[in-house]
file work-v6.cif (mmCIF, C-alpha atoms)
data_target
#
loop_
_atom_site.label_atom_id
_atom_site.label_comp_id
_atom_site.auth_asym_id
_atom_site.auth_seq_id
_atom_site.Cartn_x
_atom_site.Cartn_y
_atom_site.Cartn_z
CA MET D 1 72.44 368.27 144.51
CA HIS D 2 72.01 367.17 148.06
CA ARG D 3 70.94 363.64 147.13
CA THR D 4 73.89 363.33 144.74
CA LYS D 5 76.31 364.34 147.44
CA VAL D 6 74.93 361.77 149.86
CA THR D 7 75.21 359.04 147.21
CA VAL D 8 78.83 359.94 146.48
CA VAL D 9 79.64 359.82 150.18
CA GLU D 10 77.95 356.43 150.53
CA ASP D 11 79.89 355.09 147.56
CA ALA D 12 83.14 356.32 149.09
CA LEU D 13 82.34 354.60 152.38
CA ASP D 14 81.43 351.38 150.53
CA ALA D 15 84.80 351.45 148.77
CA ASN D 16 86.50 352.12 152.09
CA ASN D 17 84.76 349.16 153.72
CA THR D 18 85.82 346.85 150.88
CA ILE D 19 89.46 347.78 151.45
CA ALA D 20 89.04 347.58 155.23
CA THR D 21 87.84 343.99 154.80
CA ALA D 22 90.96 343.21 152.77
CA ASN D 23 93.15 344.74 155.49
CA ARG D 24 91.35 342.72 158.10
CA ALA D 25 91.91 339.50 156.16
CA ASP D 26 95.63 340.25 156.13
CA PHE D 27 95.63 340.97 159.87
CA ASP D 28 93.69 337.77 160.61
CA ARG D 29 96.04 335.72 158.47
CA ALA D 30 98.98 337.07 160.46
CA ALA D 31 97.09 336.56 163.75
CA VAL D 32 97.51 340.26 164.55
CA LYS D 33 94.79 342.13 166.45
CA VAL D 34 94.35 345.79 165.57
CA VAL D 35 93.18 348.78 167.59
CA ASN D 36 92.17 352.05 165.91
CA PHE D 37 93.17 354.71 168.46
CA MET D 38 91.56 358.13 168.08
CA SER D 39 91.25 361.52 169.81
CA ALA D 40 91.37 365.28 169.36
CA PRO D 41 94.82 366.84 168.86
CA GLY D 42 96.83 366.82 172.07
CA ALA D 43 94.54 364.54 174.09
CA GLY D 44 97.47 362.28 174.92
CA LYS D 45 97.36 359.25 172.64
CA THR D 46 101.11 359.14 172.15
CA ALA D 47 101.87 359.85 175.82
CA LEU D 48 99.62 356.96 176.78
CA LEU D 49 101.26 354.63 174.27
CA GLU D 50 104.66 355.62 175.65
CA GLN D 51 103.42 354.44 179.05
CA VAL D 52 101.87 351.14 178.03
CA VAL D 53 103.54 349.56 175.01
CA ARG D 54 106.24 347.96 177.11
CA GLU D 55 103.89 347.01 179.94
CA LEU D 56 102.05 344.27 178.07
CA PRO D 57 103.50 340.94 179.20
CA GLY D 58 103.61 338.41 176.40
CA VAL D 59 102.14 340.79 173.81
CA ARG D 60 104.39 342.01 171.01
CA VAL D 61 103.11 345.46 170.06
CA GLY D 62 103.60 347.46 166.89
CA VAL D 63 102.43 351.01 166.20
CA LEU D 64 101.28 352.62 162.96
CA GLU D 65 101.51 356.40 163.40
CA GLY D 66 99.08 358.48 161.38
CA ASP D 67 99.97 362.16 161.03
CA VAL D 68 99.35 364.91 158.53
CA GLN D 69 103.06 365.69 158.40
CA GLY D 70 106.27 364.75 160.14
CA SER D 71 107.25 361.89 162.41
CA LEU D 72 107.30 363.51 165.86
CA ASP D 73 105.13 360.85 167.49
CA ALA D 74 107.00 358.00 165.85
CA ASP D 75 110.25 359.55 167.11
CA ARG D 76 108.82 359.66 170.64
CA LEU D 77 108.00 355.95 170.46
CA ALA D 78 111.21 354.86 168.76
CA HIS D 79 113.20 354.61 172.01
CA LEU D 80 110.72 352.01 173.28
CA HIS D 81 112.14 349.51 170.78
CA VAL D 82 108.81 348.47 169.33
CA PRO D 83 108.25 348.51 165.57
CA VAL D 84 106.84 351.93 164.61
CA THR D 85 105.72 352.75 161.07
CA GLN D 86 105.01 356.33 160.00
CA LEU D 87 102.06 357.09 157.71
CA ASN D 88 101.66 360.70 156.55
CA THR D 89 98.40 361.89 154.98
CA ASP D 90 99.90 364.93 153.24
CA PRO D 91 101.02 364.01 149.72
CA SER D 92 100.64 367.42 148.09
CA PHE D 93 97.59 369.21 149.43
CA GLY D 94 96.80 370.36 152.98
CA GLY D 95 96.67 366.75 154.11
CA GLU D 96 93.84 364.38 154.94
CA CYS D 97 92.34 364.82 158.40
CA HIS D 98 91.92 361.09 159.03
CA LEU D 99 93.22 357.68 158.08
CA ASP D 100 91.17 355.57 155.69
CA ALA D 101 91.46 351.90 154.79
CA ASN D 102 93.43 352.57 151.62
CA MET D 103 96.04 354.69 153.39
CA VAL D 104 96.51 351.94 155.97
CA ARG D 105 96.71 349.37 153.15
CA SER D 106 99.45 351.39 151.48
CA ALA D 107 101.47 351.27 154.71
CA LEU D 108 101.06 347.54 155.40
CA PRO D 109 104.16 346.42 153.45
CA ALA D 110 106.20 348.41 155.99
CA VAL D 111 104.50 346.89 159.05
CA PRO D 112 106.21 343.70 160.31
CA LEU D 113 102.98 341.74 160.87
CA GLY D 114 104.91 338.51 161.40
CA GLU D 115 106.71 339.96 164.43
CA ILE D 116 103.79 341.42 166.37
CA ASP D 117 100.58 340.31 168.08
CA LEU D 118 98.88 343.69 168.39
CA LEU D 119 98.99 346.71 166.09
CA VAL D 120 97.89 350.06 167.49
CA ILE D 121 96.98 352.49 164.72
CA GLU D 122 97.27 356.02 166.08
CA ASN D 123 94.86 358.03 163.94
CA VAL D 124 95.16 361.73 163.02
CA GLY D 125 94.07 363.96 165.91
CA ASN D 126 90.47 364.83 164.99
CA LEU D 127 87.07 364.13 166.57
CA VAL D 128 85.07 364.04 163.33
CA CYS D 129 86.25 362.12 160.26
CA PRO D 130 88.38 359.32 161.78
CA ALA D 131 85.15 357.89 163.26
CA GLU D 132 83.68 357.54 159.76
CA PHE D 133 86.38 355.35 158.19
CA ARG D 134 87.04 351.79 159.31
CA VAL D 135 90.54 350.61 158.51
CA GLY D 136 90.20 346.88 159.27
CA GLU D 137 90.54 347.13 163.04
CA ASP D 138 89.24 344.71 165.68
CA ALA D 139 88.40 347.47 168.14
CA ARG D 140 88.26 351.24 168.39
CA ALA D 141 89.26 353.25 171.42
CA MET D 142 89.28 357.01 171.88
CA VAL D 143 90.87 359.38 174.35
CA SER D 144 89.07 362.43 175.69
CA SER D 145 91.09 364.81 177.85
CA VAL D 146 89.35 366.51 180.75
CA THR D 147 90.85 369.80 179.55
CA GLU D 148 88.61 369.61 176.47
CA GLY D 149 85.43 370.11 178.48
CA GLU D 150 82.46 368.01 179.53
CA ASP D 151 80.36 368.80 176.43
CA LYS D 152 82.48 366.90 173.89
CA PRO D 153 80.33 363.71 173.68
CA LEU D 154 77.35 365.88 172.70
CA LYS D 155 79.33 367.91 170.15
CA TYR D 156 81.10 364.97 168.48
CA PRO D 157 78.61 362.13 169.04
CA LEU D 158 79.72 359.90 166.18
CA MET D 159 83.24 359.62 167.61
CA PHE D 160 82.00 358.75 171.09
CA ARG D 161 79.52 356.25 169.61
CA ALA D 162 81.95 354.60 167.19
CA CYS D 163 84.32 353.31 169.86
CA GLU D 164 84.08 350.56 172.43
CA LEU D 165 86.31 352.22 175.01
CA VAL D 166 86.55 355.84 176.13
CA VAL D 167 89.76 356.75 177.93
CA VAL D 168 89.42 359.89 180.06
CA ASN D 169 92.93 361.34 180.28
CA LYS D 170 94.72 364.10 182.26
CA ILE D 171 92.77 363.46 185.46
CA ASP D 172 95.77 364.89 187.37
CA LEU D 173 94.52 368.31 186.18
CA LEU D 174 90.99 367.93 187.58
CA PRO D 175 91.70 370.04 190.71
CA HIS D 176 92.66 372.95 188.45
CA LEU D 177 89.69 372.84 186.04
CA ASP D 178 86.00 373.75 186.02
CA PHE D 179 85.18 370.25 184.78
CA SER D 180 82.42 368.08 186.17
CA LEU D 181 83.29 364.43 185.67
CA GLU D 182 79.70 363.56 186.51
CA ALA D 183 78.38 365.83 183.74
CA PHE D 184 80.89 364.40 181.24
CA LEU D 185 79.93 360.82 182.07
CA GLY D 186 76.24 361.75 181.85
CA ASN D 187 76.82 363.20 178.37
CA LEU D 188 78.77 360.08 177.37
CA GLU D 189 75.93 357.85 178.59
CA ARG D 190 73.47 359.88 176.50
CA VAL D 191 75.35 359.28 173.24
CA ASN D 192 76.73 355.76 173.89
CA PRO D 193 74.86 354.08 176.76
CA GLY D 194 76.94 351.54 178.65
CA VAL D 195 80.24 352.19 176.82
CA PRO D 196 83.15 351.34 179.14
CA HIS D 197 85.39 354.17 180.26
CA MET D 198 88.66 354.47 182.16
CA LEU D 199 89.98 357.42 184.15
CA LEU D 200 93.73 357.87 183.98
CA SER D 201 96.68 360.20 183.69
CA ALA D 202 99.33 359.35 181.14
CA ARG D 203 101.51 361.97 182.84
CA THR D 204 101.47 360.55 186.37
CA GLY D 205 100.79 356.95 185.35
CA GLU D 206 97.66 356.73 187.52
CA GLY D 207 95.18 354.26 186.04
CA VAL D 208 97.39 353.42 183.07
CA ASP D 209 97.43 349.74 184.06
CA SER D 210 93.73 349.44 183.25
CA PHE D 211 94.39 350.55 179.66
CA ALA D 212 97.26 348.06 179.43
CA GLY D 213 94.83 345.39 180.61
CA TRP D 214 92.29 346.38 177.98
CA LEU D 215 94.89 346.15 175.20
CA THR D 216 95.98 342.72 176.47
CA GLY D 217 92.35 341.61 176.34
CA ILE D 218 92.02 342.76 172.72
CA SER D 219 95.16 340.87 171.76
CA ALA D 220 93.66 337.67 173.21
CA ARG D 221 90.25 338.13 171.59
CA ASP D 222 88.89 335.75 168.93
CA PRO D 223 88.62 337.41 165.53
CA ALA D 224 85.20 339.05 165.21
CA PRO D 225 83.41 339.88 161.97
CA LEU D 226 84.36 343.31 160.64
CA MET Q 1 94.85 358.08 140.12
CA HIS Q 2 96.90 360.37 142.29
CA ARG Q 3 96.95 363.17 139.75
CA THR Q 4 93.17 362.87 139.29
CA LYS Q 5 92.61 363.19 143.01
CA VAL Q 6 94.74 366.31 143.23
CA THR Q 7 92.84 367.88 140.31
CA VAL Q 8 89.48 367.15 141.92
CA VAL Q 9 90.67 368.73 145.16
CA GLU Q 10 91.93 371.81 143.30
CA ASP Q 11 88.60 372.15 141.50
CA ALA Q 12 86.75 371.93 144.81
CA LEU Q 13 88.95 374.66 146.29
CA ASP Q 14 88.43 376.85 143.20
CA ALA Q 15 84.66 376.50 143.61
CA ASN Q 16 85.00 377.28 147.29
CA ASN Q 17 86.99 380.43 146.57
CA THR Q 18 84.39 381.63 144.08
CA ILE Q 19 81.68 381.38 146.72
CA ALA Q 20 83.96 382.90 149.36
CA THR Q 21 84.37 385.92 147.09
CA ALA Q 22 80.58 386.24 146.82
CA ASN Q 23 80.28 386.06 150.62
CA ARG Q 24 82.94 388.70 150.98
CA ALA Q 25 81.12 391.01 148.57
CA ASP Q 26 78.00 390.69 150.75
CA PHE Q 27 80.01 391.41 153.90
CA ASP Q 28 81.70 394.43 152.32
CA ARG Q 29 78.37 395.79 151.10
CA ALA Q 30 77.04 395.57 154.65
CA ALA Q 31 80.29 397.05 156.04
CA VAL Q 32 80.74 393.99 158.23
CA LYS Q 33 84.22 392.67 159.01
CA VAL Q 34 84.53 388.92 159.43
CA VAL Q 35 86.89 386.77 161.50
CA ASN Q 36 87.24 383.02 160.89
CA PHE Q 37 87.99 381.61 164.35
CA MET Q 38 89.53 378.15 164.51
CA SER Q 39 91.05 375.63 166.95
CA ALA Q 40 91.12 372.00 168.04
CA PRO Q 41 88.08 370.75 169.99
CA GLY Q 42 88.01 372.16 173.51
CA ALA Q 43 90.75 374.76 173.05
CA GLY Q 44 88.44 377.47 174.38
CA LYS Q 45 87.04 379.43 171.42
CA THR Q 46 83.57 379.75 172.93
CA ALA Q 47 84.88 380.51 176.41
CA LEU Q 48 86.99 383.30 174.95
CA LEU Q 49 84.05 384.71 172.98
CA GLU Q 50 81.97 384.66 176.16
CA GLN Q 51 84.64 386.86 177.73
CA VAL Q 52 85.07 389.38 174.93
CA VAL Q 53 81.93 389.90 172.87
CA ARG Q 54 80.53 392.44 175.29
CA GLU Q 55 83.89 394.10 175.93
CA LEU Q 56 84.20 395.76 172.52
CA PRO Q 57 83.22 399.39 172.93
CA GLY Q 58 81.42 400.71 169.87
CA VAL Q 59 81.61 397.41 167.98
CA ARG Q 60 78.37 395.49 167.41
CA VAL Q 61 79.35 391.80 167.29
CA GLY Q 62 77.50 388.84 165.83
CA VAL Q 63 78.53 385.19 165.99
CA LEU Q 64 78.02 382.39 163.48
CA GLU Q 65 78.45 379.09 165.33
CA GLY Q 66 79.71 376.14 163.28
CA ASP Q 67 79.17 372.73 164.84
CA VAL Q 68 78.71 369.20 163.58
CA GLN Q 69 75.57 368.84 165.67
CA GLY Q 70 73.61 370.68 168.32
CA SER Q 71 73.63 374.25 169.53
CA LEU Q 72 75.53 374.03 172.82
CA ASP Q 73 77.92 376.87 172.02
CA ALA Q 74 75.17 379.11 170.64
CA ASP Q 75 73.22 378.47 173.85
CA ARG Q 76 76.27 379.50 175.90
CA LEU Q 77 76.48 382.78 173.97
CA ALA Q 78 72.74 383.51 173.91
CA HIS Q 79 72.72 385.16 177.36
CA LEU Q 80 75.19 387.75 176.09
CA HIS Q 81 72.43 389.28 173.96
CA VAL Q 82 74.45 389.36 170.76
CA PRO Q 83 73.00 387.89 167.56
CA VAL Q 84 74.06 384.23 167.36
CA THR Q 85 73.28 382.06 164.33
CA GLN Q 86 73.74 378.28 164.47
CA LEU Q 87 75.15 376.41 161.47
CA ASN Q 88 75.28 372.60 161.68
CA THR Q 89 77.39 370.57 159.24
CA ASP Q 90 75.54 367.28 159.80
CA PRO Q 91 72.66 366.97 157.32
CA SER Q 92 72.54 363.19 157.05
CA PHE Q 93 76.01 361.73 157.22
CA GLY Q 94 78.62 361.84 159.99
CA GLY Q 95 78.93 365.58 159.46
CA GLU Q 96 81.53 367.77 157.81
CA CYS Q 97 84.64 368.49 159.87
CA HIS Q 98 84.91 372.13 158.77
CA LEU Q 99 82.94 375.05 157.42
CA ASP Q 100 83.24 375.91 153.75
CA ALA Q 101 82.14 379.00 151.84
CA ASN Q 102 78.91 377.42 150.65
CA MET Q 103 77.82 376.39 154.14
CA VAL Q 104 78.44 379.94 155.36
CA ARG Q 105 76.56 381.29 152.35
CA SER Q 106 73.56 379.10 153.20
CA ALA Q 107 73.49 380.60 156.70
CA LEU Q 108 73.79 384.26 155.63
CA PRO Q 109 70.02 384.92 155.32
CA ALA Q 110 69.82 384.21 159.06
CA VAL Q 111 72.68 386.57 159.99
CA PRO Q 112 71.52 390.18 160.68
CA LEU Q 113 74.34 391.84 158.74
CA GLY Q 114 72.61 395.22 158.95
CA GLU Q 115 72.80 395.19 162.75
CA ILE Q 116 76.45 394.26 163.29
CA ASP Q 117 79.93 395.57 162.56
CA LEU Q 118 81.90 392.38 163.17
CA LEU Q 119 80.95 388.75 162.54
CA VAL Q 120 82.97 386.07 164.31
CA ILE Q 121 82.58 382.70 162.59
CA GLU Q 122 83.41 379.97 165.09
CA ASN Q 123 84.58 377.07 162.94
CA VAL Q 124 84.25 373.36 163.74
CA GLY Q 125 86.89 372.23 166.24
CA ASN Q 126 89.58 370.72 164.02
CA LEU Q 127 93.22 371.59 163.25
CA VAL Q 128 93.26 370.27 159.67
CA CYS Q 129 90.48 371.03 157.18
CA PRO Q 130 89.14 374.40 158.43
CA ALA Q 131 92.49 375.91 157.38
CA GLU Q 132 91.91 374.80 153.78
CA PHE Q 133 88.58 376.54 153.15
CA ARG Q 134 88.21 380.31 153.03
CA VAL Q 135 84.69 381.47 153.77
CA GLY Q 136 84.95 385.16 152.83
CA GLU Q 137 86.64 386.34 156.01
CA ASP Q 138 88.84 389.43 156.51
CA ALA Q 139 91.11 387.68 159.00
CA ARG Q 140 91.76 384.29 160.51
CA ALA Q 141 92.68 383.63 164.11
CA MET Q 142 93.30 380.34 165.86
CA VAL Q 143 93.45 379.24 169.47
CA SER Q 144 96.00 376.72 170.73
CA SER Q 145 95.64 375.54 174.29
CA VAL Q 146 98.79 374.87 176.28
CA THR Q 147 97.26 371.53 177.34
CA GLU Q 148 97.56 370.32 173.73
CA GLY Q 149 101.35 370.28 173.85
CA GLU Q 150 104.18 372.27 172.38
CA ASP Q 151 104.47 370.19 169.19
CA LYS Q 152 101.18 371.24 167.61
CA PRO Q 153 102.56 373.88 165.16
CA LEU Q 154 104.82 371.18 163.67
CA LYS Q 155 102.05 368.59 163.46
CA TYR Q 156 99.38 370.88 161.99
CA PRO Q 157 101.48 373.45 160.10
CA LEU Q 158 98.84 374.57 157.61
CA MET Q 159 96.53 375.72 160.42
CA PHE Q 160 99.28 377.68 162.18
CA ARG Q 161 100.36 379.16 158.83
CA ALA Q 162 96.88 380.06 157.60
CA CYS Q 163 96.12 382.51 160.39
CA GLU Q 164 97.33 385.96 161.25
CA LEU Q 165 96.94 385.60 165.01
CA VAL Q 166 97.69 382.69 167.34
CA VAL Q 167 95.96 382.87 170.72
CA VAL Q 168 97.68 380.71 173.35
CA ASN Q 169 94.94 379.83 175.85
CA LYS Q 170 94.74 378.21 179.31
CA ILE Q 171 97.96 379.76 180.58
CA ASP Q 172 96.53 379.45 184.11
CA LEU Q 173 97.34 375.73 183.81
CA LEU Q 174 101.04 376.24 182.96
CA PRO Q 175 102.25 375.50 186.52
CA HIS Q 176 100.59 372.08 186.33
CA LEU Q 177 101.87 370.99 182.90
CA ASP Q 178 105.09 369.75 181.33
CA PHE Q 179 104.80 372.43 178.66
CA SER Q 180 107.63 374.65 177.50
CA LEU Q 181 106.24 377.93 176.23
CA GLU Q 182 109.65 378.65 174.73
CA ALA Q 183 109.58 375.40 172.74
CA PHE Q 184 106.01 376.07 171.56
CA LEU Q 185 106.88 379.58 170.39
CA GLY Q 186 110.02 378.25 168.69
CA ASN Q 187 107.90 375.70 166.81
CA LEU Q 188 105.41 378.42 165.87
CA GLU Q 189 108.20 380.61 164.56
CA ARG Q 190 109.45 377.71 162.42
CA VAL Q 191 106.12 377.27 160.62
CA ASN Q 192 104.91 380.90 160.54
CA PRO Q 193 107.78 383.31 161.18
CA GLY Q 194 106.71 386.57 162.79
CA VAL Q 195 103.05 385.67 163.29
CA PRO Q 196 101.66 387.62 166.28
CA HIS Q 197 100.62 385.62 169.34
CA MET Q 198 98.83 386.41 172.59
CA LEU Q 199 99.04 384.57 175.90
CA LEU Q 200 95.79 384.49 177.86
CA SER Q 201 93.38 382.53 180.00
CA ALA Q 202 89.71 382.67 179.06
CA ARG Q 203 89.01 381.09 182.47
CA THR Q 204 90.70 383.71 184.65
CA GLY Q 205 90.38 386.58 182.19
CA GLU Q 206 94.12 387.25 182.20
CA GLY Q 207 95.22 388.74 178.88
CA VAL Q 208 91.73 388.65 177.39
CA ASP Q 209 91.80 392.41 176.82
CA SER Q 210 94.51 392.00 174.19
CA PHE Q 211 92.24 389.73 172.15
CA ALA Q 212 89.40 392.24 172.51
CA GLY Q 213 91.79 394.89 171.22
CA TRP Q 214 92.72 392.73 168.23
CA LEU Q 215 89.04 392.21 167.32
CA THR Q 216 88.41 395.94 167.59
CA GLY Q 217 91.32 396.54 165.23
CA ILE Q 218 89.87 394.11 162.67
CA SER Q 219 86.50 395.83 162.83
CA ALA Q 220 88.18 399.17 161.99
CA ARG Q 221 90.30 397.79 159.17
CA ASP Q 222 89.85 398.84 155.54
CA PRO Q 223 88.51 396.03 153.36
CA ALA Q 224 91.43 394.04 151.96
CA PRO Q 225 91.40 391.87 148.85
CA LEU Q 226 90.27 388.31 149.59
#
call {"tool": "encode", "arguments": {"input": "work-v6.cif", "output": "structure tokens"}}
result
Amino acid sequence: MHRTKVTVVEDALDANNTIATANRADFDRAAVKVVNFMSAPGAGKTALLEQVVRELPGVRVGVLEGDVQGSLDADRLAHLHVPVTQLNTDPSFGGECHLDANMVRSALPAVPLGEIDLLVIENVGNLVCPAEFRVGEDARAMVSSVTEGEDKPLKYPLMFRACELVVVNKIDLLPHLDFSLEAFLGNLERVNPGVPHMLLSARTGEGVDSFAGWLTGISARDPAPL
Amino acid sequence: MHRTKVTVVEDALDANNTIATANRADFDRAAVKVVNFMSAPGAGKTALLEQVVRELPGVRVGVLEGDVQGSLDADRLAHLHVPVTQLNTDPSFGGECHLDANMVRSALPAVPLGEIDLLVIENVGNLVCPAEFRVGEDARAMVSSVTEGEDKPLKYPLMFRACELVVVNKIDLLPHLDFSLEAFLGNLERVNPGVPHMLLSARTGEGVDSFAGWLTGISARDPAPL
């Protein structure tokens, strides 16, 4: 039983990677760089995008919004006048808790790849499954809010390992929390040694420029193998 | 393709419900009431349990801790001298993002049902899949932290609908947030009209007694059909 389950899971991930490679070929052909942007619910992905998507000189940004239901985040971004495409994971059942390569592929006809340089895919808020499914991205970034506690890298290690940037958000709340930044960064170092991190507050704008700089760097990067 | 996927999902939920019924029969036989306790990562489930598990006069509490990896939360509860059983969802792969009835069943031999009146099952931190899998519980409660934003009931409706109590945590942070409690409660009412809610802070202890009272009420409840 157990062995069978593992094999089925591996087959599903193989199929996902095949489709991710096809997505990536389409992105490369259009000269669009792609960031897979992940976090727990309410960590501030959308708030951060609201702050930065217009602050990227010379980079035309598009956003693909992944949600179980609704279009609240897409609506929040709409006034920024960047192309936003909504992708819902809830066809009939309770809804998928993550984006996979095939869902992203199904949304691509609605994404104006010819008009953008950088596509940010905002994944479903979840610290487990989104880390397991590549969607054809060039880079993965995740947001961890200081309100979530300093133990999160140890409890959700795959997520903190799967990304190449960890954004530490809501630092304006640090004076009001029992949160040790030193302990958090020590836990992060244990699960992903040397991973870059940024401290910022999407609410006050403090430190947001460094994330804008990181996105600009991704948009200028040479295509890397998937 | 689509229809096939839906059928497979329905079959999996049927199998889950069959095992949940078996779990429930075991709980009823032992006269143990069971609460399935859910939230996003870092919303404060463990902090709240730390506050209440010794404040329940006449109720012997046990905890079943669901985590992808590690035993951090069980370690936090160990000093309270209540029986704590760790259940990890990560056998070999990235780890399951929720508990299901079979995982709980596999842990039951390690839970001292004869020594407790109430078992709190702390689910994996996730607002999507835990709501889809019954585990044999008498009641489901979820925690939503005010730091997660007022839109969460609309973005994760199944979770807010699947429970019979919504605990609104971290209210000590309200003065420092752009969070409208009125808007949150309006959104909650839209997805689950009339569901009871409690405002509290596990950090300061404010309002925690009402959650203790709710747990005591569950432990005294007559067994209901699953």
call {"tool": "closest_residue", "arguments": {"input": "work-v6.cif", "among": "Q:Met38, Q:Val84, Q:Val68, Q:Leu154", "to": "Q:Glu50", "atoms": "all atoms listed in the file"}}
result
Q:Val84
call {"tool": "calpha_fit_rmsd", "arguments": {"input": "work-v6.cif", "fixed": "chain D", "moving": "chain Q"}}
result
0.0 Å
call {"tool": "resolve_selection", "arguments": {"input": "work-v6.cif", "expression": "the PyMOL selection byres ((chain D and resi 92-107) around 7)", "output": "ChimeraX atom specification"}}
result
/D:16,19-20,23,66,68,87,89-91,108-111,123-124,126,129-130,133-136 /Q:128-129,132,158
call {"tool": "resolve_selection", "arguments": {"input": "work-v6.cif", "expression": "the PyMOL selection byres ((chain D and resi 51-60) around 12)", "output": "PyMOL selection string"}}
result
chain D and resi 31-33+44-50+61-63+76-84+112-120+200-220
call {"tool": "interface_residues", "arguments": {"input": "work-v6.cif", "of": "chain Q", "to": "chain D", "cutoff": "6 Å", "atoms": "only C-alpha atoms", "output": "list in words"}}
result
Gly42, Gln69, Cys97, Val128, Glu148, Gly149 and Lys155 of chain Q
call {"tool": "closest_residue", "arguments": {"input": "work-v6.cif", "among": "D:Ala12, D:Leu188, D:Ala25, D:Val35", "to": "D:Arg221", "atoms": "all atoms listed in the file"}}
result
D:Val35
call {"tool": "resolve_selection", "arguments": {"input": "work-v6.cif", "expression": "the PyMOL selection byres ((chain D and resi 139) around 8)", "output": "list in words"}}
result
Val34, Val35, Asn36, Glu137, Asp138, Arg140, Ala141, Cys163, Glu164 and Ile218 of chain D
call {"tool": "atom_distance", "arguments": {"input": "work-v6.cif", "atom1": "atom CA of D:Arg29", "atom2": "atom CA of D:Met142"}}
result
26.1 Å
call {"tool": "atom_distance", "arguments": {"input": "work-v6.cif", "atom1": "atom CA of Q:Gln86", "atom2": "atom CA of Q:Phe27"}}
result
18.0 Å
call {"tool": "atom_distance", "arguments": {"input": "work-v6.cif", "atom1": "atom CA of Q:Val143", "atom2": "atom CA of D:Ala162"}}
result
27.3 Å
call {"tool": "axis_aligned_box", "arguments": {"input": "work-v6.cif", "around": "stretch 92-106 of chain D", "padding_each_side": "4 Å", "output": "JSON"}}
result
{"center_x": 95.9, "center_y": 359.9, "center_z": 153.6, "size_x": 17.5, "size_y": 29.0, "size_z": 18.9}
call {"tool": "closest_residue", "arguments": {"input": "work-v6.cif", "among": "Q:Asp75, Q:Thr21, Q:Gly186, Q:Val195", "to": "Q:Val166", "atoms": "only C-alpha atoms"}}
result
Q:Val195
call {"tool": "decode", "arguments": {"input": "work-v6.cif", "residues": "stretch 25-35 of chain D", "atoms": "N, CA, C and O atoms", "output": "mmCIF file, in the first residue's frame"}}
result
data_model
loop_
_atom_site.group_PDB
_atom_site.id
_atom_site.type_symbol
_atom_site.label_atom_id
_atom_site.label_comp_id
_atom_site.auth_asym_id
_atom_site.auth_seq_id
_atom_site.Cartn_x
_atom_site.Cartn_y
_atom_site.Cartn_z
ATOM 1 N N ALA D 25 8.883 26.597 -21.763
ATOM 2 C CA ALA D 25 9.252 26.832 -23.165
ATOM 3 C C ALA D 25 8.436 27.987 -23.739
ATOM 4 O O ALA D 25 8.959 28.837 -24.467
ATOM 5 N N ASP D 26 7.165 28.043 -23.370
ATOM 6 C CA ASP D 26 6.317 29.149 -23.843
ATOM 7 C C ASP D 26 6.789 30.482 -23.262
ATOM 8 O O ASP D 26 6.816 31.498 -23.953
ATOM 9 N N PHE D 27 7.136 30.471 -21.971
ATOM 10 C CA PHE D 27 7.622 31.711 -21.343
ATOM 11 C C PHE D 27 8.925 32.166 -22.001
ATOM 12 O O PHE D 27 9.105 33.346 -22.299
ATOM 13 N N ASP D 28 9.840 31.216 -22.224
ATOM 14 C CA ASP D 28 11.129 31.562 -22.832
ATOM 15 C C ASP D 28 10.940 32.135 -24.236
ATOM 16 O O ASP D 28 11.579 33.118 -24.620
ATOM 17 N N ARG D 29 10.046 31.502 -24.979
ATOM 18 C CA ARG D 29 9.782 31.968 -26.343
ATOM 19 C C ARG D 29 9.276 33.408 -26.330
ATOM 20 O O ARG D 29 9.595 34.200 -27.217
ATOM 21 N N ALA D 30 8.497 33.751 -25.331
ATOM 22 C CA ALA D 30 7.950 35.104 -25.232
ATOM 23 C C ALA D 30 8.890 36.047 -24.491
ATOM 24 O O ALA D 30 8.559 37.224 -24.294
ATOM 25 N N ALA D 31 10.048 35.515 -24.066
ATOM 26 C CA ALA D 31 11.022 36.318 -23.300
ATOM 27 C C ALA D 31 10.393 36.893 -22.027
ATOM 28 O O ALA D 31 10.626 38.049 -21.657
ATOM 29 N N VAL D 32 9.577 36.079 -21.379
ATOM 30 C CA VAL D 32 8.944 36.470 -20.113
ATOM 31 C C VAL D 32 9.576 35.666 -18.979
ATOM 32 O O VAL D 32 9.655 34.441 -19.045
ATOM 33 N N LYS D 33 10.056 36.367 -17.948
ATOM 34 C CA LYS D 33 10.535 35.678 -16.750
ATOM 35 C C LYS D 33 9.367 35.495 -15.779
ATOM 36 O O LYS D 33 8.445 36.336 -15.735
ATOM 37 N N VAL D 34 9.430 34.417 -15.014
ATOM 38 C CA VAL D 34 8.278 34.052 -14.176
ATOM 39 C C VAL D 34 8.712 33.783 -12.739
ATOM 40 O O VAL D 34 9.679 33.044 -12.504
ATOM 41 N N VAL D 35 8.000 34.387 -11.805
ATOM 42 C CA VAL D 35 8.234 34.163 -10.375
ATOM 43 C C VAL D 35 7.024 33.462 -9.772
ATOM 44 O O VAL D 35 5.885 33.917 -9.953
#
